[in-house]
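The structure file start.cif is reproduced below (mmCIF, C-alpha atoms).
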data_data
#
loop_
_atom_site.group_PDB
_atom_site.id
_atom_site.type_symbol
_atom_site.label_atom_id
_atom_site.label_comp_id
_atom_site.auth_asym_id
_atom_site.auth_seq_id
_atom_site.Cartn_x
_atom_site.Cartn_y
_atom_site.Cartn_z
ATOM 1 C CA MET F 1 6.918 60.718 25.044
ATOM 2 C CA LEU F 2 3.522 61.594 23.700
ATOM 3 C CA VAL F 3 0.802 59.203 24.886
ATOM 4 C CA ARG F 4 -2.628 59.662 23.374
ATOM 5 C CA PRO F 5 -5.921 57.847 22.958
ATOM 6 C CA LYS F 6 -5.857 55.578 19.916
ATOM 7 C CA GLU F 7 -7.935 56.402 16.861
ATOM 8 C CA GLY F 8 -11.513 55.258 17.335
ATOM 9 C CA ILE F 9 -11.279 55.082 21.118
ATOM 10 C CA LEU F 10 -13.913 57.165 22.887
ATOM 11 C CA ASP F 11 -12.216 60.072 24.686
ATOM 12 C CA PRO F 12 -14.664 61.588 27.203
ATOM 13 C CA GLN F 13 -12.023 64.024 28.443
ATOM 14 C CA GLY F 14 -11.492 65.283 24.897
ATOM 15 C CA ASP F 15 -15.261 65.615 24.432
ATOM 16 C CA ALA F 16 -15.522 67.720 27.599
ATOM 17 C CA VAL F 17 -12.669 69.942 26.424
ATOM 18 C CA ARG F 18 -14.288 70.323 22.989
ATOM 19 C CA GLN F 19 -17.629 71.280 24.540
ATOM 20 C CA SER F 20 -15.992 73.792 26.850
ATOM 21 C CA LEU F 21 -14.097 75.385 23.950
ATOM 22 C CA ARG F 22 -17.343 75.621 21.988
ATOM 23 C CA ASN F 23 -18.973 77.318 24.969
ATOM 24 C CA LEU F 24 -16.194 79.902 24.791
ATOM 25 C CA GLY F 25 -17.141 80.553 21.182
ATOM 26 C CA PHE F 26 -14.402 78.549 19.433
ATOM 27 C CA ASP F 27 -15.547 76.523 16.445
ATOM 28 C CA VAL F 28 -13.861 73.263 17.472
ATOM 29 C CA SER F 29 -15.202 70.051 15.949
ATOM 30 C CA SER F 30 -12.966 67.571 17.755
ATOM 31 C CA ALA F 31 -10.568 67.456 20.704
ATOM 32 C CA ARG F 32 -8.419 64.565 21.874
ATOM 33 C CA VAL F 33 -6.467 64.794 25.110
ATOM 34 C CA GLY F 34 -3.297 62.815 25.729
ATOM 35 C CA ARG F 35 -0.301 63.330 27.975
ATOM 36 C CA VAL F 36 3.344 64.243 27.626
ATOM 37 C CA VAL F 37 5.922 62.419 29.725
ATOM 38 C CA ASP F 38 9.310 64.158 29.900
ATOM 39 C CA LEU F 39 12.096 61.961 31.248
ATOM 40 C CA GLN F 40 15.798 62.491 31.817
ATOM 41 C CA LEU F 41 17.820 59.321 31.759
ATOM 42 C CA THR F 42 21.271 57.919 31.159
ATOM 43 C CA ALA F 43 21.819 55.898 28.011
ATOM 44 C CA ASP F 44 24.700 54.793 25.768
ATOM 45 C CA ASP F 45 23.212 56.551 22.752
ATOM 46 C CA ALA F 46 19.908 57.625 21.231
ATOM 47 C CA GLY F 47 19.109 54.066 20.131
ATOM 48 C CA ASP F 48 19.644 52.706 23.626
ATOM 49 C CA ALA F 49 17.490 55.512 25.086
ATOM 50 C CA ARG F 50 14.702 54.690 22.663
ATOM 51 C CA LYS F 51 14.859 51.002 23.609
ATOM 52 C CA GLN F 52 14.601 51.867 27.300
ATOM 53 C CA LEU F 53 11.651 54.182 26.624
ATOM 54 C CA GLU F 54 9.844 51.513 24.634
ATOM 55 C CA ARG F 55 10.201 49.131 27.562
ATOM 56 C CA MET F 56 8.917 51.780 29.981
ATOM 57 C CA CYS F 57 5.868 52.272 27.788
ATOM 58 C CA ALA F 58 5.191 48.547 27.624
ATOM 59 C CA GLU F 59 5.610 48.083 31.378
ATOM 60 C CA LEU F 60 3.880 51.186 32.741
ATOM 61 C CA LEU F 61 3.505 54.402 30.815
ATOM 62 C CA ALA F 62 0.937 53.387 28.202
ATOM 63 C CA ASN F 63 -1.712 50.737 27.786
ATOM 64 C CA PRO F 64 -1.567 49.440 24.210
ATOM 65 C CA LEU F 65 -5.273 48.510 24.331
ATOM 66 C CA ILE F 66 -6.283 52.168 24.214
ATOM 67 C CA GLU F 67 -3.211 54.344 23.799
ATOM 68 C CA SER F 68 -0.633 55.044 21.127
ATOM 69 C CA VAL F 69 2.829 56.412 21.839
ATOM 70 C CA GLU F 70 5.286 58.647 20.024
ATOM 71 C CA ILE F 71 8.843 58.783 21.338
ATOM 72 C CA ARG F 72 11.287 61.639 20.776
ATOM 73 C CA VAL F 73 14.887 61.492 21.987
ATOM 74 C CA ASP F 74 16.963 64.661 22.528
ATOM 75 C CA GLU F 75 20.587 64.521 23.593
ATOM 76 C CA MET O 1 -5.180 25.627 60.754
ATOM 77 C CA SER O 2 -8.219 27.720 61.614
ATOM 78 C CA ALA O 3 -11.598 26.581 60.316
ATOM 79 C CA LYS O 4 -12.171 29.938 58.685
ATOM 80 C CA PRO O 5 -10.132 30.497 55.495
ATOM 81 C CA LEU O 6 -7.760 33.456 55.464
ATOM 82 C CA VAL O 7 -8.714 36.149 52.969
ATOM 83 C CA SER O 8 -5.947 38.681 52.366
ATOM 84 C CA VAL O 9 -7.392 42.133 51.664
ATOM 85 C CA LEU O 10 -4.737 44.279 49.990
ATOM 86 C CA VAL O 11 -4.292 47.893 51.054
ATOM 87 C CA PHE O 12 -2.814 50.384 48.583
ATOM 88 C CA PRO O 13 -2.211 54.080 49.219
ATOM 89 C CA GLY O 14 -5.676 55.461 48.458
ATOM 90 C CA SER O 15 -7.680 52.275 49.042
ATOM 91 C CA ASN O 16 -10.841 53.234 50.931
ATOM 92 C CA ASP O 17 -13.049 50.148 50.933
ATOM 93 C CA ASP O 18 -10.491 47.807 52.492
ATOM 94 C CA ARG O 19 -12.131 47.874 55.916
ATOM 95 C CA ASP O 20 -15.654 47.529 54.504
ATOM 96 C CA ALA O 21 -14.469 44.548 52.460
ATOM 97 C CA ALA O 22 -12.837 42.991 55.527
ATOM 98 C CA TRP O 23 -15.991 43.500 57.588
ATOM 99 C CA ALA O 24 -18.208 41.968 54.900
ATOM 100 C CA LEU O 25 -15.877 38.987 54.386
ATOM 101 C CA GLY O 26 -15.975 38.341 58.112
ATOM 102 C CA ALA O 27 -19.775 38.525 58.026
ATOM 103 C CA VAL O 28 -19.936 35.708 55.442
ATOM 104 C CA GLY O 29 -17.520 33.377 57.231
ATOM 105 C CA GLY O 30 -14.071 34.439 56.092
ATOM 106 C CA ARG O 31 -11.056 35.429 58.197
ATOM 107 C CA PRO O 32 -9.959 38.729 56.657
ATOM 108 C CA GLU O 33 -6.506 40.196 57.118
ATOM 109 C CA LEU O 34 -5.319 43.533 55.737
ATOM 110 C CA VAL O 35 -2.048 43.240 53.789
ATOM 111 C CA TRP O 36 0.015 46.317 52.871
ATOM 112 C CA HIS O 37 0.927 46.694 49.201
ATOM 113 C CA GLY O 38 4.631 47.089 50.016
ATOM 114 C CA GLU O 39 4.881 43.478 51.237
ATOM 115 C CA ARG O 40 6.526 41.035 48.848
ATOM 116 C CA ALA O 41 4.651 37.949 50.053
ATOM 117 C CA LEU O 42 1.096 37.117 51.078
ATOM 118 C CA PRO O 43 0.519 35.603 54.541
ATOM 119 C CA ALA O 44 1.459 31.923 54.184
ATOM 120 C CA ASP O 45 -2.035 30.493 54.718
ATOM 121 C CA THR O 46 -3.761 32.937 52.361
ATOM 122 C CA ALA O 47 -6.687 31.115 50.752
ATOM 123 C CA ALA O 48 -8.126 34.051 48.780
ATOM 124 C CA VAL O 49 -7.121 37.612 47.866
ATOM 125 C CA VAL O 50 -9.376 40.658 47.598
ATOM 126 C CA LEU O 51 -8.298 43.926 45.962
ATOM 127 C CA PRO O 52 -10.689 46.527 47.382
ATOM 128 C CA GLY O 53 -12.147 49.722 45.997
ATOM 129 C CA GLY O 54 -10.634 53.160 46.306
ATOM 130 C CA PHE O 55 -8.435 55.558 44.405
ATOM 131 C CA SER O 56 -4.988 54.010 44.613
ATOM 132 C CA TYR O 57 -2.236 56.529 43.857
ATOM 133 C CA GLY O 58 -4.887 59.172 43.196
ATOM 134 C CA ASP O 59 -5.759 57.425 39.902
ATOM 135 C CA TYR O 60 -2.549 58.930 38.461
ATOM 136 C CA LEU O 61 -1.456 57.862 34.971
ATOM 137 C CA ARG O 62 -4.363 55.418 34.432
ATOM 138 C CA THR O 63 -6.653 54.075 37.152
ATOM 139 C CA GLY O 64 -4.973 51.075 38.740
ATOM 140 C CA ALA O 65 -1.818 51.375 36.632
ATOM 141 C CA ILE O 66 0.652 52.260 39.375
ATOM 142 C CA ALA O 67 -0.864 49.918 41.972
ATOM 143 C CA SER O 68 -0.660 47.053 39.469
ATOM 144 C CA ARG O 69 3.161 47.336 39.663
ATOM 145 C CA ALA O 70 3.239 47.383 43.504
ATOM 146 C CA PRO O 71 5.631 44.952 45.266
ATOM 147 C CA ILE O 72 2.799 42.667 46.485
ATOM 148 C CA MET O 73 1.462 42.133 42.961
ATOM 149 C CA ASP O 74 4.068 39.509 41.962
ATOM 150 C CA ALA O 75 2.794 37.381 44.835
ATOM 151 C CA VAL O 76 -0.808 37.919 43.696
ATOM 152 C CA VAL O 77 0.085 36.854 40.146
ATOM 153 C CA HIS O 78 1.714 33.666 41.489
ATOM 154 C CA PHE O 79 -1.236 32.988 43.785
ATOM 155 C CA ALA O 80 -3.664 33.344 40.868
ATOM 156 C CA ALA O 81 -1.493 31.085 38.690
ATOM 157 C CA ARG O 82 -1.770 28.375 41.369
ATOM 158 C CA GLY O 83 -5.553 28.607 41.117
ATOM 159 C CA GLY O 84 -6.095 30.786 44.177
ATOM 160 C CA PRO O 85 -9.316 32.838 44.160
ATOM 161 C CA VAL O 86 -8.679 36.546 43.508
ATOM 162 C CA LEU O 87 -11.459 39.152 43.555
ATOM 163 C CA GLY O 88 -11.035 42.762 42.427
ATOM 164 C CA ILE O 89 -13.742 45.251 43.338
ATOM 165 C CA CYS O 90 -13.946 48.596 41.485
ATOM 166 C CA ASN O 91 -10.393 50.005 41.821
ATOM 167 C CA GLY O 92 -9.349 46.387 42.439
ATOM 168 C CA PHE O 93 -10.882 45.449 39.060
ATOM 169 C CA GLN O 94 -8.942 48.299 37.437
ATOM 170 C CA ILE O 95 -5.728 47.052 39.068
ATOM 171 C CA LEU O 96 -6.297 43.435 37.921
ATOM 172 C CA CYS O 97 -6.855 44.625 34.333
ATOM 173 C CA GLU O 98 -3.697 46.725 34.427
ATOM 174 C CA ALA O 99 -1.833 43.728 35.905
ATOM 175 C CA ARG O 100 -3.162 41.745 32.915
ATOM 176 C CA LEU O 101 -4.743 39.163 35.196
ATOM 177 C CA LEU O 102 -8.052 40.094 33.576
ATOM 178 C CA PRO O 103 -8.877 41.037 29.979
ATOM 179 C CA GLY O 104 -9.789 44.574 28.928
ATOM 180 C CA ILE O 105 -9.487 47.881 30.737
ATOM 181 C CA LEU O 106 -11.700 50.336 32.613
ATOM 182 C CA ARG O 107 -12.110 53.760 30.991
ATOM 183 C CA PRO O 108 -13.786 56.985 32.134
ATOM 184 C CA ASN O 109 -17.580 56.776 32.240
ATOM 185 C CA ARG O 110 -19.024 57.878 28.921
ATOM 186 C CA GLN O 111 -21.302 60.446 30.597
ATOM 187 C CA LEU O 112 -18.281 61.973 32.390
ATOM 188 C CA GLU O 113 -20.147 61.825 35.670
ATOM 189 C CA PHE O 114 -19.386 59.860 38.788
ATOM 190 C CA VAL O 115 -22.092 57.212 39.204
ATOM 191 C CA CYS O 116 -23.213 56.300 42.704
ATOM 192 C CA ARG O 117 -26.367 54.200 42.936
ATOM 193 C CA ASP O 118 -27.800 50.700 43.146
ATOM 194 C CA THR O 119 -27.563 48.808 39.863
ATOM 195 C CA ASP O 120 -29.577 45.860 38.595
ATOM 196 C CA LEU O 121 -27.239 43.118 37.425
ATOM 197 C CA ARG O 122 -27.821 39.925 35.488
ATOM 198 C CA VAL O 123 -25.703 36.835 36.097
ATOM 199 C CA GLU O 124 -24.359 35.896 32.658
ATOM 200 C CA SER O 125 -22.138 32.968 33.553
ATOM 201 C CA THR O 126 -21.559 30.817 36.605
ATOM 202 C CA SER O 127 -18.354 29.257 35.274
ATOM 203 C CA SER O 128 -16.217 31.095 37.840
ATOM 204 C CA VAL O 129 -15.882 30.183 41.509
ATOM 205 C CA PHE O 130 -17.496 33.494 42.522
ATOM 206 C CA LEU O 131 -20.937 32.834 41.054
ATOM 207 C CA GLY O 132 -21.265 29.368 42.548
ATOM 208 C CA ARG O 133 -24.199 30.467 44.678
ATOM 209 C CA CYS O 134 -26.030 32.083 41.746
ATOM 210 C CA ALA O 135 -27.864 30.863 38.645
ATOM 211 C CA VAL O 136 -27.514 32.142 35.085
ATOM 212 C CA GLY O 137 -30.129 34.829 34.486
ATOM 213 C CA GLN O 138 -30.459 35.634 38.173
ATOM 214 C CA LYS O 139 -30.989 39.322 38.999
ATOM 215 C CA LEU O 140 -28.772 40.927 41.637
ATOM 216 C CA VAL O 141 -28.963 44.418 43.143
ATOM 217 C CA ILE O 142 -25.511 45.771 44.050
ATOM 218 C CA PRO O 143 -24.400 49.422 44.233
ATOM 219 C CA VAL O 144 -21.728 51.075 42.095
ATOM 220 C CA LYS O 145 -19.695 54.216 42.807
ATOM 221 C CA HIS O 146 -17.136 55.037 40.178
ATOM 222 C CA GLY O 147 -15.938 57.551 37.631
ATOM 223 C CA ASP O 148 -13.859 55.131 35.552
ATOM 224 C CA GLY O 149 -16.098 52.106 35.102
ATOM 225 C CA ALA O 150 -16.597 51.736 31.378
ATOM 226 C CA TRP O 151 -15.089 48.336 30.632
ATOM 227 C CA TYR O 152 -13.559 48.081 27.178
ATOM 228 C CA ALA O 153 -11.924 45.383 25.092
ATOM 229 C CA ASP O 154 -11.510 45.009 21.344
ATOM 230 C CA GLU O 155 -14.371 43.311 19.530
ATOM 231 C CA GLY O 156 -12.526 40.025 18.921
ATOM 232 C CA THR O 157 -11.602 39.681 22.588
ATOM 233 C CA PHE O 158 -15.156 40.507 23.643
ATOM 234 C CA VAL O 159 -16.690 37.828 21.403
ATOM 235 C CA GLN O 160 -14.183 35.240 22.675
ATOM 236 C CA LEU O 161 -14.854 36.114 26.310
ATOM 237 C CA ALA O 162 -18.606 35.812 25.839
ATOM 238 C CA ALA O 163 -18.191 32.434 24.101
ATOM 239 C CA ARG O 164 -16.014 31.138 26.944
ATOM 240 C CA GLY O 165 -18.369 32.316 29.687
ATOM 241 C CA GLN O 166 -15.922 34.900 30.995
ATOM 242 C CA ILE O 167 -18.507 37.687 30.974
ATOM 243 C CA ALA O 168 -19.783 37.083 34.508
ATOM 244 C CA LEU O 169 -22.128 40.017 35.113
ATOM 245 C CA ARG O 170 -23.874 42.636 33.018
ATOM 246 C CA TYR O 171 -25.833 45.720 34.000
ATOM 247 C CA ALA O 172 -29.525 45.544 33.130
ATOM 248 C CA ASP O 173 -29.198 49.034 31.622
ATOM 249 C CA ASP O 174 -26.403 51.303 30.385
ATOM 250 C CA VAL O 175 -24.687 52.561 33.547
ATOM 251 C CA ASN O 176 -21.385 53.953 32.262
ATOM 252 C CA GLY O 177 -20.917 53.150 28.580
ATOM 253 C CA ALA O 178 -19.237 49.789 29.218
ATOM 254 C CA LEU O 179 -18.965 47.586 26.145
ATOM 255 C CA GLY O 180 -21.949 45.209 26.176
ATOM 256 C CA ASN O 181 -22.991 46.677 29.561
ATOM 257 C CA VAL O 182 -20.333 44.449 31.112
ATOM 258 C CA ALA O 183 -20.077 44.830 34.900
ATOM 259 C CA GLY O 184 -17.718 41.940 35.688
ATOM 260 C CA VAL O 185 -15.327 39.582 33.875
ATOM 261 C CA THR O 186 -13.303 36.538 34.893
ATOM 262 C CA ASN O 187 -10.037 35.017 33.720
ATOM 263 C CA ASP O 188 -10.107 31.880 31.552
ATOM 264 C CA THR O 189 -9.682 29.537 34.519
ATOM 265 C CA GLY O 190 -12.503 31.123 36.527
ATOM 266 C CA ASN O 191 -10.486 31.901 39.669
ATOM 267 C CA VAL O 192 -10.066 35.644 39.099
ATOM 268 C CA LEU O 193 -13.061 37.997 38.977
ATOM 269 C CA GLY O 194 -13.174 41.755 38.635
ATOM 270 C CA LEU O 195 -16.357 43.787 38.934
ATOM 271 C CA MET O 196 -17.254 47.450 39.254
ATOM 272 C CA PRO O 197 -20.247 46.989 41.637
ATOM 273 C CA HIS O 198 -19.428 46.717 45.338
ATOM 274 C CA PRO O 199 -20.624 43.423 46.849
ATOM 275 C CA GLU O 200 -19.160 44.453 50.222
ATOM 276 C CA HIS O 201 -21.761 47.238 50.386
ATOM 277 C CA ALA O 202 -24.618 44.792 49.838
ATOM 278 C CA VAL O 203 -24.411 42.068 52.461
ATOM 279 C CA ASP O 204 -27.334 43.058 54.669
ATOM 280 C CA PRO O 205 -30.973 43.859 53.827
ATOM 281 C CA LEU O 206 -30.673 46.859 56.160
ATOM 282 C CA LEU O 207 -28.235 48.370 53.658
ATOM 283 C CA GLY O 208 -30.624 47.884 50.740
ATOM 284 C CA SER O 209 -29.673 44.467 49.405
ATOM 285 C CA PRO O 210 -28.019 41.273 50.614
ATOM 286 C CA ASP O 211 -27.083 40.162 47.069
ATOM 287 C CA GLY O 212 -23.403 41.021 47.309
ATOM 288 C CA GLY O 213 -23.155 38.491 50.105
ATOM 289 C CA LEU O 214 -23.795 35.726 47.529
ATOM 290 C CA LEU O 215 -20.571 36.601 45.721
ATOM 291 C CA LEU O 216 -18.496 37.026 48.864
ATOM 292 C CA ALA O 217 -19.856 33.801 50.399
ATOM 293 C CA ALA O 218 -18.932 31.969 47.183
ATOM 294 C CA LEU O 219 -15.447 33.474 47.452
ATOM 295 C CA VAL O 220 -15.186 32.091 50.994
ATOM 296 C CA ASP O 221 -16.460 28.691 49.717
ATOM 297 C CA ALA O 222 -13.675 28.696 47.121
ATOM 298 C CA ALA O 223 -11.142 29.805 49.719
ATOM 299 C CA ALA O 224 -12.166 26.935 52.022
ATOM 300 C CA ALA O 225 -11.685 24.484 49.146
ATOM 301 C CA PHE O 226 -8.319 25.966 48.122
ATOM 302 C CA ARG O 227 -5.295 24.147 49.498
ATOM 303 C CA PRO O 228 -2.596 26.726 50.032
ATOM 304 C CA ARG O 229 0.914 25.541 49.415
ATOM 305 C CA VAL O 230 3.405 27.159 51.699
ATOM 306 C CA ALA O 231 6.224 28.545 49.597
ATOM 307 C CA ALA O 232 9.557 26.810 50.088
#
Let me see whether you can do it: turn the structure in this file into structure tokens.
Amino acid sequence: MLVRPKEGILDPQGDAVRQSLRNLGFDVSSARVGRVVDLQLTADDAGDARKQLERMCAELLANPLIESVEIRVDE
Amino acid sequence: MSAKPLVSVLVFPGSNDDRDAAWALGAVGGRPELVWHGERALPADTAAVVLPGGFSYGDYLRTGAIASRAPIMDAVVHFAARGGPVLGICNGFQILCEARLLPGILRPNRQLEFVCRDTDLRVESTSSVFLGRCAVGQKLVIPVKHGDGAWYADEGTFVQLAARGQIALRYADDVNGALGNVAGVTNDTGNVLGLMPHPEHAVDPLLGSPDGGLLLAALVDAAAAFRPRVAA
């Protein structure tokens, strides 16, 4: 799962990373920092796994006020 | 039943203001008791709940996110639904937002620096039980110490909250990039308050300001008026 700050949401961590990269001489105009959550779980099929992951996001892993989520399922 | 109302102060792994909060609540007439987050029920005669400051679970994932799913939190949600007074201070505010007992969320300070200083606050609304000893427009001096204190909600929510008197406290100046300089918000029934400043660190003039005592004393007032129902 890829959890990242929604469009338009201020991302101070990303700003700090951008500034640091610029200090190193990289011409970076924007940086946004999210997080990757890798999970192993048991599911009937890919659809079931996705449903479980969506519930996990809603209940804990992301806050929909400020974060968007992309889910990828590998078997 | 004791004359002094029981205030349950929750303790999460990483809480660090639980004892200060308990001391301050005792100083303003409450009977504080520390309650471990792994409990599933509050002490039966709990008349108020305080979620103290700290860094529960090392602020992993999002500040307050993991603590908001702790075993004790179901009991806190039920207590709040029955009208019981619930106060979240700093990390406690973050936990109440993540538990969806309060609107919005606390984000990293815009300046990316930890802020630790006295702040000037303005009382915006006295519609909650916690500001019963204050007047609208009153100035309070209460310290903050946080890295993730920038309160945020979407614009529509913010306008609604202001119209309903749920914006309880604002900073007099921009402390951390919070939307509208909001320092504290309440739920729509006025029995849950979260704030980033630490009233428990401002109960004695010797410590710089007694203003936090006004909030905690009002909490104890509300606790004394609350009639706890012992769960069947």
Given a cut-off of 9 Å, which residues of chain F touch chain O, counting all atoms listed in the file, written out as a tab-separated table (two decimals) with C-alpha atoms, in the frame of the given file?
chain	number	residue	atom	x	y	z
F	10	LEU	CA	-13.91	57.16	22.89
F	11	ASP	CA	-12.22	60.07	24.69
F	12	PRO	CA	-14.66	61.59	27.20
F	13	GLN	CA	-12.02	64.02	28.44
F	16	ALA	CA	-15.52	67.72	27.60
F	35	ARG	CA	-0.30	63.33	27.98
F	59	GLU	CA	5.61	48.08	31.38
F	60	LEU	CA	3.88	51.19	32.74
F	61	LEU	CA	3.50	54.40	30.82
F	62	ALA	CA	0.94	53.39	28.20
F	63	ASN	CA	-1.71	50.74	27.79
F	65	LEU	CA	-5.27	48.51	24.33
F	66	ILE	CA	-6.28	52.17	24.21
- Task: Mind checking which residues fall within 10 Å of segment 52-56 of chain O, counting all atoms listed in the file, ignoring those fewer than 6 positions away in the same chain, and posting them as JSON, numbers by chain?
- Result: {"O": [9, 10, 11, 12, 13, 14, 15, 16, 17, 18, 19, 20, 21, 22, 63, 64, 65, 66, 67, 68, 87, 88, 89, 90, 91, 92, 93, 94, 95, 145, 146, 196, 197, 198, 200]}
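The environment of Asp15 of chain F within 9 Å, counting all atoms listed in the file and disregarding residues fewer than 4 places along the same chain, consists of Leu10, Asp11, Gln19, Ser20, Ser30, Ala31, Arg32 and Val33 of chain F.
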- F:Pro64, F:Arg55, F:Val69, F:Arg22: which is nearest Val37 of chain F, counting all atoms listed in the file? F:Val69
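Shortest atom-to-atom contact with Leu25 of chain O among O:Val220, O:Ala75, O:Cys116, O:Leu195: O:Val220, counting only C-alpha atoms.
The closest residue to Val50 of chain O, picked from O:Arg117, O:Phe130, O:Leu140, O:Gly38 and counting all atoms listed in the file, is O:Phe130.
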- Message: Here's the selection I'm unsure about, the PyMOL selection byres ((chain F and resi 73) around 8); applied to the file above, which residues does it give, as a count of residues only?
- Response: 7
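When atom CA of Leu2 of chain F is paired with atom CA of Arg18 of chain F, their separation reads 19.8 Å.
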- Figure out the distance between atom CA of Thr157 of chain O and atom CA of Val3 of chain F, please, to one decimal in Å. 23.2 Å
- Query: Which value, in Å to one decimal, gives the distance between atom CA of Leu219 of chain O and atom CA of Asp174 of chain O?
  - Reply: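 Result for atom CA of Leu219 of chain O versus atom CA of Asp174 of chain O: 27.0 Å, one decimal.
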- Counting only C-alpha atoms, which of O:Asp221, O:Val141, O:Ser8, O:Ile167 gets nearest to Pro205 of chain O? O:Val141
Convert the output of the PyMOL selection byres ((chain F and resi 39) around 10) on the shown file into explicit residues, formatted as a short mmCIF file (atom, residue, chain, number, x, y, z; two decimals) with C-alpha atoms, in the frame of the given file.
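Output contents, as saved in out.cif:
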data_model
loop_
_atom_site.label_atom_id
_atom_site.label_comp_id
_atom_site.auth_asym_id
_atom_site.auth_seq_id
_atom_site.Cartn_x
_atom_site.Cartn_y
_atom_site.Cartn_z
CA MET F 1 6.92 60.72 25.04
CA VAL F 36 3.34 64.24 27.63
CA VAL F 37 5.92 62.42 29.72
CA ASP F 38 9.31 64.16 29.90
CA GLN F 40 15.80 62.49 31.82
CA LEU F 41 17.82 59.32 31.76
CA LEU F 53 11.65 54.18 26.62
CA VAL F 73 14.89 61.49 21.99
#
- Message: Translate the PyMOL selection byres ((chain O and resi 31) around 9) into a concrete residue list for this structure, as a PyMOL selection string.
- Response: chain O and resi 2+4-8+22+25-26+29-30+32-33+220
- Contact residues around Val203 of chain O with all atoms listed in the file at 7 Å, ignoring same-chain residues under 4 positions, as a list in words: Ala24, Pro199, Ser209, Pro210, Asp211, Gly212 and Gly213 of chain O
Can you take segment 163-202 of chain O from the block and write C-alpha atoms as a compact mmCIF listing (two decimals), in the first residue's frame?
# COMPACT_ATOMS: atom_id res chain seq x y z
CA ALA O 163 -20.66 28.72 13.41
CA ARG O 164 -21.55 26.13 16.05
CA GLY O 165 -19.11 27.48 18.64
CA GLN O 166 -16.90 24.40 18.51
CA ILE O 167 -13.72 26.42 18.04
CA ALA O 168 -12.96 26.84 21.75
CA LEU O 169 -9.51 28.45 21.77
CA ARG O 170 -7.28 30.23 19.29
CA TYR O 171 -3.67 31.35 19.53
CA ALA O 172 -3.23 35.12 19.49
CA ASP O 173 -0.50 34.63 16.86
CA ASP O 174 0.59 31.92 14.43
CA VAL O 175 2.28 29.28 16.60
CA ASN O 176 2.42 26.23 14.31
CA GLY O 177 0.50 26.85 11.10
CA ALA O 178 -2.82 25.63 12.50
CA LEU O 179 -5.82 26.51 10.35
CA GLY O 180 -7.32 29.72 11.75
CA ASN O 181 -4.74 29.62 14.57
CA VAL O 182 -6.98 27.05 16.25
CA ALA O 183 -5.58 25.78 19.56
CA GLY O 184 -8.59 23.79 20.81
CA VAL O 185 -11.86 22.35 19.48
CA THR O 186 -14.86 20.65 21.06
CA ASN O 187 -17.38 18.08 19.86
CA ASP O 188 -20.90 19.20 18.93
CA THR O 189 -22.32 18.41 22.38
CA GLY O 190 -19.60 20.34 24.23
CA ASN O 191 -18.44 17.49 26.48
CA VAL O 192 -15.23 16.63 24.62
CA LEU O 193 -12.38 19.14 24.29
CA GLY O 194 -8.97 18.73 22.73
CA LEU O 195 -6.25 21.37 22.93
CA MET O 196 -2.55 21.55 22.16
CA PRO O 197 -1.59 23.87 25.09
CA HIS O 198 -0.96 22.19 28.44
CA PRO O 199 -3.30 23.48 31.16
CA GLU O 200 -1.70 21.06 33.65
CA HIS O 201 1.54 23.05 33.36
CA ALA O 202 -0.23 26.30 34.22
